[in-house]
Number of protein chains: 2
Amino acid sequence: MKKLENEGRITVAKELKDILIKKGISPSYHRLKIYEYLMNNRIHPSADMIYADIIKLIPTLSKTTIYNTLKTFVGKGIVSSLTIEDNEIRYDADITFHAHFKCLNCNTVYDVGIDQLRSDKKLGMLKKIDGHLITEKHIYLKGICKKCQQH
Amino acid sequence: MKKLENEGRITVAKELKDILIKKGISPSYHRLKIYEYLMNNRIHPSADMIYADIIKLIPTLSKTTIYNTLKTFVGKGIVSSLTIEDNEIRYDADITFHAHFKCLNCNTVYDVGIDQLRSDKKLGMLKKIDGHLITEKHIYLKGICKKCQQH
DNA sequence: GTATCTGCAAAACATTTGCAATTCT
DNA sequence: AGAATTGCAAATGTTTTGCAGATAC
């Protein structure tokens with residue numbers, strides 16, 4: 001829990017607690033710490049990464065609680081889940097629309113602003129972004145299809 | 001093995017065999033049938049869906065062969081893998097750049113042309129496409145990051 | 001006849017579920 | 001006390017691995 005800065009401002013536990021309450025999530029100690037971790041560590045961690053770090057703080061923590069909590073957060077819309085990996089789900093407390101870049105060598109997942117994507121006219125032609133060499137591009141949209149809307 | 005049409009032309013086994021050979025993949029019967037299945041059934045199937053359908057044709061087929069073959073195909077670049085689901089990998093024989101839409105109700109994965117995406121200026125603002133209602137958007141880029149390029 | 005391909009069975013994981021124990025009010 | 005939260009242990013489901021048998025050239 002070292003890095004408390006977040007885009008120029010300090011994120012204090014009180015503010016995070018209020019976000020949870022506003023979304024109808026009772027701010028238990030575990031939930032607060034998990035949310036705080038996600039807000040302060042923008043590394044798109046997996047459930048296991050979150051567990052490995054927070055257990056240092058809460059020795060009795062179980063992975064079930066991590067999974068329960070993440071499901072609650074995603075369901076309430078304060079955290080989004082990324083399926084950029086093929087074997088595990090990554091989580092992101094930044095719910096604004098942005099793209100992600102995964103390095104196939106070091107497995108780091110970087111944030112990429114959409115404005116940077118639009119500056120280049122054709123996403124299909126894009127070969128590099130933020131200095132990262134692109135070899136694969138995926139656009140996944142989700143929602144309710146035409147058929148299902150008609151019943 | 002009913003639908004043999006593919007964008008106006010007939011895909012014959014001979015052509016598919018030649019694609020495999022050209023890519024350095026020995027065209028065994030199993031591989032040919034799996035590739036043929038993917039080319040003729042553009043439904044973005046999972047390994048299990050492919051297995052369930054092809055075992056009707058090859059009763060001795062094993063899932064290991066499905067996984068081995070798909071790994072070979074993806075490695076050689078004639079099939080791409082989609083991580084649009086959070087619990088299984090979907091496969092697509094269409095390796096041209098296009099987006100995918102997954103219905104959260106019926107789980108169908110539709111193709112979406114990128115030209116359709118670009119006609120709308122801002123992907124971030126997009127609410128509907130091909131009549132499908134969009135509630136989630138993900139852009140995943142992969143490759144080698146800036147740091148890893150420098151060694 | 002040697003290399004490749006296939007398939008069984010078991011293992012390896014991430015995630016989920018059932019239920020009991022704990023905590024909070 | 002009663003409801004919500006947590007956690008253990010077992011189950012689930014997908015994908016991987018080791019190895020033996022089958023097949024192909």
# chains A, B, ... in the order shown; residues from 1 in each chain; ligands from 1

call {"tool": "interface_residues", "arguments": {"of": "chain B", "to": "chain C", "cutoff": "7 Å", "atoms": "only C-alpha atoms (C1' of nucleotides)", "output": "list in words"}}
result
Ser62, Thr64 and Thr65 of chain B

call {"tool": "select_by_dssp", "arguments": {"residues": "stretch 10-64 of chain B", "states": "alpha helix (DSSP H)", "output": "ChimeraX atom specification"}}
result
/B:13-22,29-40,47-54,63-64

call {"tool": "select_by_dssp", "arguments": {"residues": "chain A", "states": "strand (DSSP E or B)", "output": "ChimeraX atom specification"}}
result
/A:5-6,9-10,46,80-82,90-92,99-103,109-112,128-129,132-144

call {"tool": "interface_residues", "arguments": {"of": "chain B", "to": "chain A", "cutoff": "10 Å", "atoms": "only C-alpha atoms", "output": "ChimeraX atom specification"}}
result
/B:80-90,96-112,114-115,117-118,121-125,127-149

call {"tool": "closest_atom_pairs", "arguments": {"of": "chain D", "to": "chain A", "cutoff": "10 Å", "atoms": "only C-alpha atoms (C1' of nucleotides)", "output": "Markdown table"}}
result
| residue | atom | partner | partner_atom | distance |
| --- | --- | --- | --- | --- |
| D:DA4 | C1' | A:Ser26 | CA | 9.4 |
| D:DT5 | C1' | A:Ser28 | CA | 8.2 |
| D:DT6 | C1' | A:Thr65 | CA | 6.5 |
| D:DG7 | C1' | A:Ser62 | CA | 5.9 |
| D:DC8 | C1' | A:Ser62 | CA | 8.6 |
| D:DT14 | C1' | A:Asn87 | CA | 9.1 |
| D:DT15 | C1' | A:Asn87 | CA | 8.7 |

call {"tool": "residues_around", "arguments": {"residues": "A:Glu15", "least_positions_apart": "5", "cutoff": "12 Å", "atoms": "only C-alpha atoms (C1' of nucleotides)", "output": "list of chain:residue names"}}
result
A:Arg9, A:Ile10, A:Leu20, A:Ile21, A:Lys22, A:Pro27, A:Leu32, A:Tyr35, A:Glu36, A:Met39
